[in-house]
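This report concerns only the one structure given below.
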Amino acid sequence: MVPATLERTTFEVSREVEYFTESELRMQIGFDADDWPVALLKELIDNALDGCEAAGTPPIIRVDVEPDAFTVEDNGPGLPEATIAGSLDYMKRVSDKLFYASPTRGRLGNALKVVWAAPYVAHGQQGYVEVWTGGQRHTVKVRFDRIAGRPVVEHETKEDALVTTGTRLRVTWPESATSLLGEGTRRSYKSAPNASELVAAFAACNPHAGFRIGEKVFRATDPAWTKWRTCDPTSAHWYAPEALRDLLAAEISSPTYQAQPKTVRAFVSEFRGLSSAVKQKSVTAEWSRAYLHDLVRGGDLDSGAVGALLARMQLASKPPKPVHLGVIGEEHVTRWMTEHAGVVPESISYAKKLGEQDGLPYVLEFGFGQSEDDNAKRRLVVGLNWSAALENPILELNQLLAKQRIDAHDPVVVFAHIAKPLLQFTDRGKARVAL
Ligand SMILES: Nc1ncnc2c1ncn2[C@@H]1O[C@H](COP(=O)(O)OP(=O)(O)OP(=O)(O)O)[C@@H](O)[C@H]1O
Ligand SMILES: [Mg+2]
């Protein structure tokens, strides 16, 4: 008898599954499922701050934790409906930050996707997120069809005047309050902060922003304070030829470009220090009137042309100085330590270091103080590009603390902040940083 042969079926596995298994999502978020609520809260606060800064509005952020939900509300420009719709397409990433080199709070272009998907992945029940913005209320329900291997997304929009300015986003999450406000083991310095500690850390890094969580209010100490914003022109000095190539390729393939192609000169004009007509003319002399797609040769961007363009752009503009990134400053750090971290005022010391590493500017700031409460444990508050870090991502800081003989039981508060373009995160969840 001839043995039966297997007629193999060719299966297709969708990339969408990347957001819908616990192991994949853990990799994207960079933390175990227990810490997802606080990790999502961080992403939502990042977005809220970025949105406000782009609109030139001093940010006022409100965080609410209910027994079964958490909410972030801002006074920014509002989350555009098209962005919500785009972020629900799990086949592609949407972000206005991808490919630009600058000191940003994050540059993955997937936080919203994770926010819609995570409640389902963590609890196996249909995810439920509400977004109030622009006089509308969006409800986003997401689950995963395990047979088809595809997400099932329901997005409904209704008129609702609750929020006309800014964005309010509410994530339904069973036992939010327990996981976000709970104390106990989570308060050890190794585990992620709770929601109040997270908001306190954001307040420490952002002098221009006001925050509120429950009854606790952190007032902006300097609403006019400025930093490098996500919407500020990026510097040609922060790109290697490959990075500029990627940005050019992304430009050419974007829907905006398809509708209206950009000239090389218009592209150049978007960079820091290259806005004057004279500079644009001299930088683009070789490509006068050329469009970006004219730099394509044989199916890719011509590497000679990209290299030459980058060299000219760098020559014609000055590299930004560390101080241009933004310095939080002694006054804000001191006020935060005394008003919000229970530190003895006389014990506070502050230090900063402005410098350059691998051709990139950086600003390091440190604050140190003795807790008023002798029984308090050491509290580490770390910020990266004006965003709260969920755990200490700086190995060097641990070494420094060991050298100073400050251990986990000492009643001290240590604040550390790094601002640097292109912080090299060693994971996609932006939790650990390579210095
Ligand atoms: N609160 C908000 N106000 C205004 N716009 C927002 C808000 N939240 C999100 N957006 C817009 O939605 C886009 C997608 O947000 P998302 O967090 O998914 O990506 P990102 O912030 O660009 O990158 P990352 O993944 O690093 O956070 C943002 O680029 C921004 O344009
Ligand atoms: Mg984001």
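Note on naming: chains are A, B, ... as they come in the structure tokens, residues start from 1 per chain, ligands start from 1 in the order shown.
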### Message
Show me which residues line ligand 2, defined as having an atom within 6 Å of a ligand atom where only C-alpha atoms and all ligand atoms count, and present them as a list of chain:residue names.
### Response
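Counting only C-alpha atoms and all ligand atoms, the residues within 6 Å of ligand 2 come out as A:Glu43, A:Asp46, A:Asn47, A:Ala111.
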Those residues with C-alpha atoms, as a PDB file, in the first residue's frame please?
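Ended up saving to result-v6.pdb:
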ATOM      1  CA  GLU A  43       2.680  56.374  27.526  1.00  0.00           C
ATOM      2  CA  ASP A  46       3.952  61.196  27.323  1.00  0.00           C
ATOM      3  CA  ASN A  47       1.412  61.696  24.558  1.00  0.00           C
ATOM      4  CA  ALA A 111       1.713  53.218  22.111  1.00  0.00           C
TER       5      ALA A 111
END
As a compact mmCIF listing (two decimals) with C-alpha atoms, in the first residue's frame, please: the residues near Asp68 of chain A (cut-off 6 Å, only C-alpha atoms, same-chain neighbours under 4 positions excluded).
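Result file follows (result15.txt):
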# COMPACT_ATOMS: atom_id res chain seq x y z
CA THR A 172 -11.22 50.09 31.42
CA TRP A 173 -8.96 47.78 33.42
CA PRO A 174 -10.23 45.39 36.10
CA GLU A 175 -8.77 46.16 39.51
CA SER A 176 -6.98 49.27 38.30
### Message
List the spatial neighbours of Val131 of chain A as a PyMOL selection string - criterion: any atom at most 10 Å away, only C-alpha atoms, same-chain residues fewer than 5 positions off excluded.
### Response
chain A and resi 71-73+78-79+81+84+136-140+157+163+167-171
### Selected residue, from A:Thr164, A:Asn398, A:Ser196, A:Glu18, that lies nearest to Gly135 of chain A when counting only C-alpha atoms
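Closest candidate: A:Thr164.
Put simply, atom CA of Ile213 of chain A is 20.7 Å away from atom CA of Arg105 of chain A.
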### Query
Taking only C-alpha atoms into account, which of A:Ala177, A:Ala4, A:Val306, A:Leu360 comes nearest Val38 of chain A?
A:Ala177
### Task
Could you pull out the residues in segment 204-244 of chain A that DSSP calls strand (DSSP E) from the backbone, as a list of chain:residue names?
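DSSP-assigned strand (DSSP E) residues in segment 204-244 of chain A: A:Gly210, A:Phe211, A:Arg212, A:Ile213, A:Lys216, A:Val217, A:Phe218.
Compared by their closest atoms to Ala416 of chain A, and using only C-alpha atoms, the residues A:Cys231, A:Ala290, A:Val114, A:Ala201 rank with A:Ala201 nearest.
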### Task
Name the closest residue to Asn206 of chain A among the candidates A:Leu248, A:Ile45, A:Ala82, A:Ala408; distances are taken between atoms, counting only C-alpha atoms.
A:Ile45
### Query
Asp35 of chain A: which residues within 9 Å, counting only C-alpha atoms, same-chain residues fewer than 5 positions away excluded, as a PyMOL selection string?
chain A and resi 40+179-180+191-193
